[in-house]
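Visitor: Sharing entry_10.cif, mmCIF, C-alpha atoms:
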data_protein
#
loop_
_atom_site.label_atom_id
_atom_site.label_comp_id
_atom_site.auth_asym_id
_atom_site.auth_seq_id
_atom_site.Cartn_x
_atom_site.Cartn_y
_atom_site.Cartn_z
CA MET F 41 23.81 -2.39 9.02
CA PHE F 42 20.65 -0.66 10.19
CA VAL F 43 20.00 2.47 12.20
CA ALA F 44 16.81 2.72 14.26
CA ARG F 45 15.29 5.78 15.88
CA SER F 46 12.21 5.99 18.03
CA ILE F 47 9.81 8.88 17.49
CA ASN F 48 7.41 10.01 20.19
CA THR F 49 4.52 10.88 17.89
CA GLU F 50 2.30 12.12 20.74
CA HIS F 51 -0.64 10.29 19.19
CA LYS F 52 -3.08 9.59 22.01
CA ASP F 53 -4.13 6.17 20.73
CA LEU F 54 -2.98 3.35 18.45
CA ILE F 55 -1.15 4.23 15.23
CA HIS F 56 -2.78 2.32 12.38
CA ASP F 57 -0.74 3.38 9.38
CA VAL F 58 2.48 5.09 8.36
CA ALA F 59 3.07 6.30 4.80
CA TYR F 60 6.09 7.90 3.13
CA ASP F 61 5.83 10.33 0.23
CA PHE F 62 7.37 9.58 -3.17
CA TYR F 63 10.82 10.85 -2.15
CA GLY F 64 10.89 9.28 1.32
CA THR F 65 11.52 12.65 2.99
CA ARG F 66 8.02 13.20 4.36
CA MET F 67 5.88 10.86 6.41
CA ALA F 68 2.24 10.75 7.46
CA THR F 69 0.84 8.86 10.46
CA CYS F 70 -2.79 8.23 11.38
CA SER F 71 -4.35 6.96 14.58
CA SER F 72 -7.44 5.98 16.52
CA ASP F 73 -7.23 9.43 18.14
CA HIS F 74 -8.88 10.69 14.90
CA THR F 75 -5.80 12.69 13.90
CA VAL F 76 -3.23 12.75 11.10
CA ARG F 77 0.32 14.03 11.59
CA ILE F 78 2.83 15.05 8.94
CA TRP F 79 6.56 14.62 9.51
CA GLU F 80 9.57 16.07 7.70
CA ALA F 81 13.01 14.48 7.65
CA ASP F 82 15.83 16.61 9.02
CA ILE F 83 18.70 14.94 7.18
CA ALA F 84 21.45 16.92 8.93
CA ALA F 85 20.21 16.17 12.45
CA GLY F 86 18.92 12.69 11.63
CA ASN F 87 15.50 13.48 13.10
CA TRP F 88 11.87 13.69 11.98
CA ASN F 89 10.04 16.91 12.80
CA ASN F 90 6.27 17.18 13.18
CA THR F 91 5.21 19.92 10.75
CA ALA F 92 1.42 19.54 10.84
CA GLN F 93 -1.32 17.81 12.79
CA TRP F 94 -5.08 18.01 12.69
CA LYS F 95 -8.30 16.13 13.45
CA ALA F 96 -9.09 14.38 10.18
CA HIS F 97 -12.16 12.27 11.00
CA SER F 98 -14.75 11.60 13.68
CA GLY F 99 -13.62 7.97 14.04
CA SER F 100 -10.46 5.89 13.94
CA VAL F 101 -8.32 6.72 10.90
CA TRP F 102 -7.30 3.41 9.32
CA LYS F 103 -5.10 4.37 6.37
CA VAL F 104 -3.24 7.32 4.89
CA THR F 105 -1.62 7.50 1.44
CA TRP F 106 0.27 10.07 -0.65
CA ALA F 107 -0.50 11.02 -4.23
CA ASN F 108 2.31 11.31 -6.75
CA PRO F 109 4.05 14.71 -6.30
CA GLU F 110 3.18 15.50 -9.93
CA PHE F 111 -0.27 16.38 -8.53
CA GLY F 112 1.07 18.44 -5.62
CA GLN F 113 1.30 17.63 -1.93
CA VAL F 114 -1.88 15.59 -1.61
CA ILE F 115 -2.88 12.81 0.78
CA ALA F 116 -6.02 10.74 1.27
CA THR F 117 -7.31 9.19 4.49
CA CYS F 118 -10.09 6.73 5.31
CA SER F 119 -11.89 6.06 8.54
CA PHE F 120 -14.34 4.12 10.63
CA ASP F 121 -16.67 7.11 10.23
CA ARG F 122 -17.54 5.76 6.74
CA THR F 123 -15.74 8.47 4.81
CA ALA F 124 -12.58 8.99 2.80
CA VAL F 125 -11.09 12.49 2.65
CA VAL F 126 -8.65 14.16 0.25
CA TRP F 127 -6.30 16.76 1.77
CA GLU F 128 -3.98 19.22 0.03
CA GLU F 129 -1.13 21.27 1.44
CA VAL F 130 -1.49 24.97 0.77
CA VAL F 131 1.68 27.01 0.55
CA GLY F 132 1.81 29.89 3.01
CA GLU F 133 3.90 33.01 3.11
CA GLY F 134 7.59 32.56 3.75
CA THR F 135 10.88 31.83 2.10
CA PRO F 136 11.06 29.15 -0.62
CA GLY F 137 11.52 25.70 0.92
CA ASP F 138 10.19 26.84 4.29
CA ARG F 139 7.03 24.84 5.09
CA SER F 140 6.34 26.50 8.45
CA GLY F 141 3.64 28.68 6.94
CA ASN F 142 1.97 25.84 5.04
CA HIS F 143 -1.27 24.25 6.13
CA TRP F 144 -3.43 21.32 5.04
CA VAL F 145 -6.91 21.89 3.64
CA LYS F 146 -9.76 19.42 3.24
CA ARG F 147 -10.59 19.36 -0.46
CA THR F 148 -13.38 16.78 -0.55
CA THR F 149 -15.16 14.17 1.55
CA LEU F 150 -16.25 10.96 -0.16
CA VAL F 151 -19.39 9.69 1.57
CA ASP F 152 -20.65 6.86 -0.65
CA SER F 153 -19.76 4.02 1.74
CA ARG F 154 -22.40 2.74 4.16
CA THR F 155 -19.82 1.17 6.48
CA SER F 156 -16.22 1.67 7.56
CA VAL F 157 -13.82 2.60 4.72
CA THR F 158 -10.92 0.22 5.29
CA ASP F 159 -8.34 1.25 2.68
CA VAL F 160 -7.55 4.00 0.20
CA LYS F 161 -4.95 4.07 -2.60
CA PHE F 162 -4.02 6.44 -5.41
CA ALA F 163 -3.64 4.91 -8.87
CA PRO F 164 -0.33 4.93 -10.79
CA LYS F 165 0.27 8.48 -12.06
CA SER F 166 0.03 7.37 -15.70
CA LEU F 167 -3.72 6.87 -15.18
CA GLY F 168 -4.25 10.39 -13.85
CA LEU F 169 -5.41 11.49 -10.41
CA ILE F 170 -7.56 8.49 -9.53
CA LEU F 171 -8.37 7.17 -6.06
CA ALA F 172 -9.62 3.71 -5.07
CA THR F 173 -11.35 2.95 -1.78
CA CYS F 174 -12.62 -0.30 -0.33
CA SER F 175 -15.14 -0.77 2.44
CA ALA F 176 -16.49 -3.30 4.86
CA ASP F 177 -19.77 -3.17 2.91
CA GLY F 178 -18.10 -5.19 0.14
CA PHE F 179 -17.65 -2.41 -2.42
CA VAL F 180 -14.64 -0.97 -4.20
CA ARG F 181 -15.16 2.57 -5.44
CA ILE F 182 -13.02 4.32 -8.03
CA TYR F 183 -13.00 8.14 -8.01
CA GLU F 184 -11.39 10.57 -10.44
CA ALA F 185 -10.49 14.25 -10.24
CA PRO F 186 -11.24 15.53 -13.77
CA ASP F 187 -9.34 18.76 -13.09
CA VAL F 188 -6.13 18.25 -11.12
CA MET F 189 -6.07 21.97 -10.40
CA ASN F 190 -9.42 21.75 -8.58
CA LEU F 191 -9.39 18.93 -6.06
CA THR F 192 -12.81 19.85 -4.66
CA GLN F 193 -14.43 18.00 -7.56
CA TRP F 194 -14.24 14.19 -7.56
CA SER F 195 -16.60 11.95 -9.50
CA LEU F 196 -17.48 8.35 -8.68
CA GLN F 197 -16.46 6.56 -11.88
CA HIS F 198 -16.96 2.93 -10.92
CA GLU F 199 -18.51 0.94 -8.09
CA ILE F 200 -17.41 -2.70 -7.93
CA CYS F 201 -19.47 -5.13 -5.87
CA VAL F 202 -16.99 -7.58 -4.35
CA LYS F 203 -19.72 -9.28 -2.25
CA VAL F 204 -17.42 -9.86 0.75
CA SER F 205 -16.04 -7.50 3.37
CA CYS F 206 -12.96 -5.73 1.97
CA SER F 207 -9.90 -5.08 4.14
CA CYS F 208 -7.26 -3.79 1.70
CA ILE F 209 -6.65 -2.82 -1.91
CA THR F 210 -3.61 -2.29 -4.13
CA TRP F 211 -2.99 -1.07 -7.68
CA ASN F 212 -0.71 -2.93 -10.03
CA PRO F 213 2.08 -0.56 -11.17
CA ILE F 214 1.61 -0.59 -14.93
CA TYR F 215 4.69 -1.42 -16.99
CA PRO F 216 4.25 -1.24 -19.92
CA ARG F 217 1.66 1.48 -19.73
CA HIS F 218 -0.52 0.02 -22.46
CA ALA F 219 -1.44 -2.88 -20.14
CA PRO F 220 -4.95 -2.52 -18.69
CA PRO F 221 -5.27 -1.17 -15.12
CA MET F 222 -5.52 -3.87 -12.45
CA VAL F 223 -6.36 -3.87 -8.74
CA ALA F 224 -6.20 -6.63 -6.13
CA VAL F 225 -8.69 -6.62 -3.27
CA GLY F 226 -8.18 -8.49 0.00
CA SER F 227 -10.91 -9.66 2.37
CA ASP F 228 -10.79 -10.29 6.12
CA ASP F 229 -13.94 -12.44 6.00
CA SER F 230 -13.25 -15.54 8.10
CA THR F 231 -16.02 -17.61 6.48
CA PRO F 232 -14.58 -20.82 4.99
CA ASP F 233 -14.62 -21.16 1.19
CA THR F 234 -15.03 -17.39 0.77
CA PRO F 235 -12.53 -15.86 -1.69
CA LYS F 236 -9.86 -13.86 0.15
CA VAL F 237 -8.05 -12.19 -2.78
CA MET F 238 -9.83 -11.01 -5.93
CA LEU F 239 -8.28 -9.49 -9.04
CA TYR F 240 -10.11 -6.93 -11.18
CA GLU F 241 -9.04 -5.53 -14.54
CA TYR F 242 -10.45 -2.57 -16.43
CA ASN F 243 -11.90 -3.53 -19.80
CA GLU F 244 -11.72 -0.67 -22.29
CA ASN F 245 -14.39 -2.15 -24.57
CA SER F 246 -17.08 -2.53 -21.93
CA ARG F 247 -15.72 0.39 -19.84
CA ARG F 248 -16.17 -1.71 -16.73
CA TRP F 249 -14.01 -3.36 -14.12
CA LEU F 250 -14.23 -7.13 -14.59
CA LYS F 251 -13.29 -9.82 -12.11
CA ILE F 252 -10.56 -11.91 -13.70
CA GLU F 253 -9.42 -14.14 -10.85
CA SER F 254 -10.07 -15.31 -7.28
CA LEU F 255 -6.86 -16.67 -5.80
CA GLN F 256 -7.50 -20.13 -4.42
CA GLU F 257 -4.01 -20.23 -2.89
CA VAL F 258 -5.07 -17.88 -0.07
CA THR F 259 -7.59 -19.22 2.44
CA GLU F 260 -6.94 -17.05 5.53
CA PRO F 261 -8.21 -13.50 6.18
CA VAL F 262 -5.99 -10.96 4.41
CA ASN F 263 -4.60 -7.93 6.24
CA ASP F 264 -2.55 -6.34 3.47
CA LEU F 265 -1.35 -6.91 -0.08
CA ALA F 266 1.01 -5.18 -2.51
CA PHE F 267 1.97 -5.65 -6.15
CA ALA F 268 5.69 -5.65 -6.87
CA PRO F 269 7.04 -2.99 -9.24
CA ASN F 270 7.73 -4.66 -12.56
CA LEU F 271 10.94 -3.66 -14.33
CA GLY F 272 10.82 -6.28 -17.07
CA ARG F 273 9.34 -9.52 -15.74
CA SER F 274 6.88 -11.39 -17.93
CA PHE F 275 4.60 -11.95 -14.94
CA HIS F 276 3.20 -10.00 -11.96
CA MET F 277 3.97 -10.67 -8.31
CA LEU F 278 1.62 -10.03 -5.41
CA GLY F 279 2.78 -9.97 -1.78
CA ILE F 280 0.10 -10.98 0.73
CA ALA F 281 -0.06 -10.57 4.51
CA CYS F 282 -2.37 -13.07 6.19
CA LYS F 283 -1.61 -15.80 8.73
CA ASP F 284 1.78 -16.00 7.03
CA MET F 285 3.57 -14.12 4.26
CA LYS F 286 2.89 -15.29 0.72
CA ILE F 287 4.03 -14.20 -2.73
CA ILE F 288 1.84 -15.13 -5.67
CA ALA F 289 3.08 -15.09 -9.28
CA LEU F 290 0.48 -14.16 -11.90
CA GLU F 291 1.46 -15.31 -15.38
CA PRO F 292 -0.72 -14.02 -18.25
CA GLN F 293 -2.00 -16.71 -20.57
CA ARG F 294 -1.38 -16.32 -24.27
CA MET F 295 -4.33 -14.76 -26.03
CA GLU F 296 -5.22 -13.90 -29.59
CA GLU F 297 -4.11 -10.46 -30.73
CA GLU F 298 -7.68 -9.42 -31.54
CA SER F 299 -9.16 -10.71 -28.30
CA THR F 300 -11.52 -8.28 -26.57
CA THR F 301 -11.90 -10.28 -23.35
CA SER F 302 -10.02 -9.68 -20.12
CA THR F 303 -6.60 -11.19 -19.59
CA LYS F 304 -6.50 -14.63 -18.00
CA TYR F 305 -3.76 -15.50 -15.52
CA ASN F 306 -2.18 -18.62 -14.11
CA SER F 307 -1.44 -18.12 -10.41
CA ARG F 308 1.00 -20.00 -8.21
CA VAL F 309 2.67 -19.55 -4.84
CA ILE F 310 6.38 -18.79 -5.27
CA ALA F 311 7.09 -18.00 -1.60
CA HIS F 312 5.48 -18.91 1.70
CA GLY F 313 7.24 -17.45 4.72
CA THR F 314 6.23 -18.86 8.10
CA GLU F 315 9.13 -17.43 10.12
CA HIS F 316 6.94 -14.80 11.81
CA ASN F 317 5.06 -17.62 13.58
CA ALA F 318 2.31 -15.04 14.03
CA THR F 319 -0.18 -13.00 12.04
CA VAL F 320 1.44 -10.81 9.37
CA TRP F 321 -0.01 -7.31 9.16
CA ARG F 322 1.87 -5.42 6.45
CA VAL F 323 3.86 -6.16 3.30
CA ALA F 324 5.70 -3.71 1.04
CA TRP F 325 8.21 -3.90 -1.80
CA ASN F 326 11.38 -2.01 -2.56
CA VAL F 327 11.43 0.25 -5.60
CA THR F 328 12.85 -2.43 -7.91
CA GLY F 329 10.51 -5.24 -6.79
CA THR F 330 13.34 -7.48 -5.56
CA ILE F 331 12.91 -7.37 -1.77
CA LEU F 332 9.71 -7.76 0.21
CA ALA F 333 9.36 -6.46 3.77
CA SER F 334 6.78 -7.93 6.14
CA SER F 335 5.80 -7.13 9.72
CA GLY F 336 3.92 -9.33 12.13
CA ASP F 337 2.69 -9.95 15.63
CA ASP F 338 6.10 -11.34 16.55
CA GLY F 339 7.27 -7.74 16.76
CA CYS F 340 9.70 -8.15 13.87
CA ILE F 341 10.19 -6.82 10.37
CA ARG F 342 11.57 -9.43 7.97
CA LEU F 343 13.14 -8.84 4.57
CA TRP F 344 12.67 -11.51 1.90
CA LYS F 345 14.73 -11.90 -1.25
CA GLY F 346 14.65 -14.39 -4.10
CA ASN F 347 17.67 -15.80 -5.90
CA TYR F 348 18.13 -16.66 -9.57
CA LEU F 349 16.54 -20.07 -8.95
CA GLY F 350 13.40 -18.47 -7.55
CA ASN F 351 14.09 -19.60 -3.97
CA TRP F 352 12.99 -17.05 -1.38
CA ILE F 353 14.71 -16.70 1.98
CA CYS F 354 14.55 -14.29 4.90
CA VAL F 355 17.74 -12.25 4.50
CA SER F 356 17.31 -9.93 7.48
CA THR F 357 15.20 -9.60 10.62
CA LEU F 358 14.70 -6.44 12.68
CA ARG F 359 13.12 -6.47 16.11
CA GLY F 360 10.68 -3.81 17.19
CA ASP F 361 13.40 -2.11 19.25
CA GLY F 362 15.50 -1.68 16.12
CA THR F 363 18.09 -4.36 16.82
CA GLN F 364 18.99 -6.80 14.09
CA VAL F 365 18.57 -10.55 14.58
CA VAL F 366 21.51 -12.70 13.50
CA LEU F 367 20.14 -15.21 11.01
CA ASP F 368 20.99 -18.88 11.12
CA ALA F 369 23.34 -19.77 8.29
CA ALA F 370 21.12 -22.74 7.47
CA SER F 371 18.14 -20.57 6.56
CA VAL F 372 15.40 -22.51 4.85
CA PRO F 373 14.05 -21.08 1.57
CA ALA F 374 10.62 -19.54 1.94
CA GLY F 375 9.56 -20.78 -1.45
CA SER F 376 10.82 -22.22 -4.68
CA LEU F 377 9.38 -22.07 -8.13
CA GLY F 378 10.65 -20.45 -11.26
CA ALA F 379 10.71 -16.74 -10.59
CA PRO F 380 13.48 -14.21 -10.39
CA PRO F 381 14.10 -12.02 -7.36
CA LEU F 382 11.44 -9.72 -6.08
CA PRO F 383 10.29 -6.82 -3.10
CA HIS F 384 9.82 -2.74 -0.61
CA GLY F 385 8.93 -0.75 2.80
CA ILE F 386 6.23 -1.29 5.60
CA SER F 387 4.52 -0.88 8.90
CA ARG F 388 1.88 -2.84 10.79
CA PRO F 389 -0.98 -1.41 12.83
CA SER F 390 1.20 -0.32 15.73
CA ILE F 391 0.38 -1.33 19.28
CA SER F 392 2.32 1.68 20.45
CA ARG F 393 2.03 5.44 20.37
CA ASN F 394 5.65 5.56 19.28
CA HIS F 395 6.85 4.88 15.77
CA LYS F 396 10.20 3.23 15.06
CA ILE F 397 12.16 4.36 12.01
CA SER F 398 14.77 2.00 10.54
CA SER F 399 17.02 2.75 7.61
CA SER F 400 20.02 1.26 5.86
CA GLN F 401 23.39 2.93 6.23
CA VAL F 402 23.50 4.21 2.65
CA ASP F 403 23.76 7.55 0.92
CA LYS F 404 20.66 9.47 1.98
CA SER F 405 20.25 10.75 -1.57
CA ASP F 406 19.42 7.21 -2.67
CA VAL F 407 15.65 6.89 -2.25
CA MET F 408 15.21 3.16 -1.88
CA TRP F 409 12.06 2.95 0.23
CA HIS F 410 9.07 5.05 -0.77
#
So, in terms of structure tokens, how does the structure I just supplied come out?
Guide:
Amino acid sequence: MFVARSINTEHKDLIHDVAYDFYGTRMATCSSDHTVRIWEADIAAGNWNNTAQWKAHSGSVWKVTWANPEFGQVIATCSFDRTAVVWEEVVGEGTPGDRSGNHWVKRTTLVDSRTSVTDVKFAPKSLGLILATCSADGFVRIYEAPDVMNLTQWSLQHEICVKVSCSCITWNPIYPRHAPPMVAVGSDDSTPDTPKVMLYEYNENSRRWLKIESLQEVTEPVNDLAFAPNLGRSFHMLGIACKDMKIIALEPQRMEEESTTSTKYNSRVIAHGTEHNATVWRVAWNVTGTILASSGDDGCIRLWKGNYLGNWICVSTLRGDGTQVVLDAASVPAGSLGAPPLPHGISRPSISRNHKISSSQVDKSDVMWH
């Protein structure tokens, strides 16, 4: 069973992104009205309260993302105004736990892009406080805060030339931690034969990010992508939002122990969901990497789950008004190829100034979607 609540965000234009913090109790929204709003869950009343709002950019704000709470209450935003900005919440006077006196401060503005900055993502916390941005100018930029206690100082560590317009980026959650860092970059370039998803891996020997794969299985412009958390699989899974929903398995090839080259991967499509019958805008996994959520132009959120045979089916569908669609018992698998279950949360660029919150009827202390 699902519970849906509509929130009048009072944004004056389209909402482009919604992001939850690590614990799922705070939420950030960003919009074409140039503003960012922070929301706090009132568990007792079942509501979300707007605790902060401010003008963040001089253009449409495309994405907002939270850093791991180990580094404090920190978010990053990116915009059409060609900048990415890091914000930190400063604790004000008041009783412990009372955020009414808190306020958000701009710590730094990253101005290296020559065109719109289309996505921004913090790296897994094991790598430190690192931020990746991608831009329409075809560059991925990796920044690092050398001193986590002073967020005014960020250094550009790497600049990766992707050579095509970038629309989205995602980090691979690293388990085990000794595996090299990896990012996937999506492109919305509609030119035929142009790579739409590129994988880059950090090579410790050359101290550079090297391109290790261009996924030939994806030929349509990509709107979003997300790596699944890996709790023991021998391969990686990448959820992709394009014309349809796709899940790609990336299986590392066996290499010599002393090899100094980047890892090579065999890629294959393990799920291809066409049930949206429309463009898919967002994909996100649950915390265990076993359920994938997707949202599309059909106004629905669909949850996908794989069985022990590796067959993926749509197990639940939620309409934009929060009602649940009764699935046909004869659901057709979305994909089949050897891979265990997979998936997590979501939100598409909203065509409304309202934001719909849906949640499972479970113990609120169980943080399943963050």
Visitor: Please report as CSV every residue of stretch 95-153 of chain F lying within 8 Å of stretch 160-167 of chain F, along with the nearest atom pair and their distance in Å (one decimal), using all atoms listed in the file.
Guide:
residue,atom,partner,partner_atom,distance
F:Lys103,CA,F:Val160,CA,6.6
F:Val104,CA,F:Val160,CA,7.2
F:Thr105,CA,F:Lys161,CA,6.3
F:Trp106,CA,F:Phe162,CA,7.4
F:Ala107,CA,F:Phe162,CA,5.9
F:Asn108,CA,F:Lys165,CA,6.4
F:Glu110,CA,F:Lys165,CA,7.9
F:Ala116,CA,F:Val160,CA,7.0
F:Thr117,CA,F:Val160,CA,6.7
F:Cys118,CA,F:Val160,CA,6.3
F:Ala124,CA,F:Val160,CA,7.5
Visitor: Selected by the PyMOL selection byres ((chain F and resi 169) around 6) in the shown coordinates: which residues, as a PyMOL selection string?
Guide: chain F and resi 168+170+185
Visitor: Using the chain letters and residue numbers of this document, give as JSON, numbers by chain the residues selected by the PyMOL selection byres ((chain F and resi 225) around 9).
Guide: {"F": [174, 180, 202, 206, 207, 208, 209, 210, 223, 224, 226, 227, 236, 237, 238, 239, 240, 265]}
Visitor: Write out, as a PDB file, in the frame of the given file, the residues just selected, with C-alpha atoms.
Guide:
ATOM      1  CA  CYS F 174     -12.620  -0.300  -0.330  1.00  0.00           C
ATOM      2  CA  VAL F 180     -14.640  -0.970  -4.200  1.00  0.00           C
ATOM      3  CA  VAL F 202     -16.990  -7.580  -4.350  1.00  0.00           C
ATOM      4  CA  CYS F 206     -12.960  -5.730   1.970  1.00  0.00           C
ATOM      5  CA  SER F 207      -9.900  -5.080   4.140  1.00  0.00           C
ATOM      6  CA  CYS F 208      -7.260  -3.790   1.700  1.00  0.00           C
ATOM      7  CA  ILE F 209      -6.650  -2.820  -1.910  1.00  0.00           C
ATOM      8  CA  THR F 210      -3.610  -2.290  -4.130  1.00  0.00           C
ATOM      9  CA  VAL F 223      -6.360  -3.870  -8.740  1.00  0.00           C
ATOM     10  CA  ALA F 224      -6.200  -6.630  -6.130  1.00  0.00           C
ATOM     11  CA  GLY F 226      -8.180  -8.490   0.000  1.00  0.00           C
ATOM     12  CA  SER F 227     -10.910  -9.660   2.370  1.00  0.00           C
ATOM     13  CA  LYS F 236      -9.860 -13.860   0.150  1.00  0.00           C
ATOM     14  CA  VAL F 237      -8.050 -12.190  -2.780  1.00  0.00           C
ATOM     15  CA  MET F 238      -9.830 -11.010  -5.930  1.00  0.00           C
ATOM     16  CA  LEU F 239      -8.280  -9.490  -9.040  1.00  0.00           C
ATOM     17  CA  TYR F 240     -10.110  -6.930 -11.180  1.00  0.00           C
ATOM     18  CA  LEU F 265      -1.350  -6.910  -0.080  1.00  0.00           C
TER      19      LEU F 265
END
Visitor: Quick one: everything within 8 Å of F:Gly279, counting only C-alpha atoms, minus sequence neighbours fewer than 4 positions away in the same chain. Send it as a list of chain:residue names.
Guide: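 Here the answer would be F:Leu265, F:Ala266, F:Phe267, F:Ala268, F:Met285, F:Lys286, F:Ile287, F:Ile288, F:Val323, F:Ala324, F:Leu332.
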Visitor: I'd like the interatomic distance between atom CA of F:His74 and atom CA of F:Asp361, to a tenth of an Å.
Guide: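 Interatomic distance, atom CA of F:His74 to atom CA of F:Asp361: 26.1 Å.
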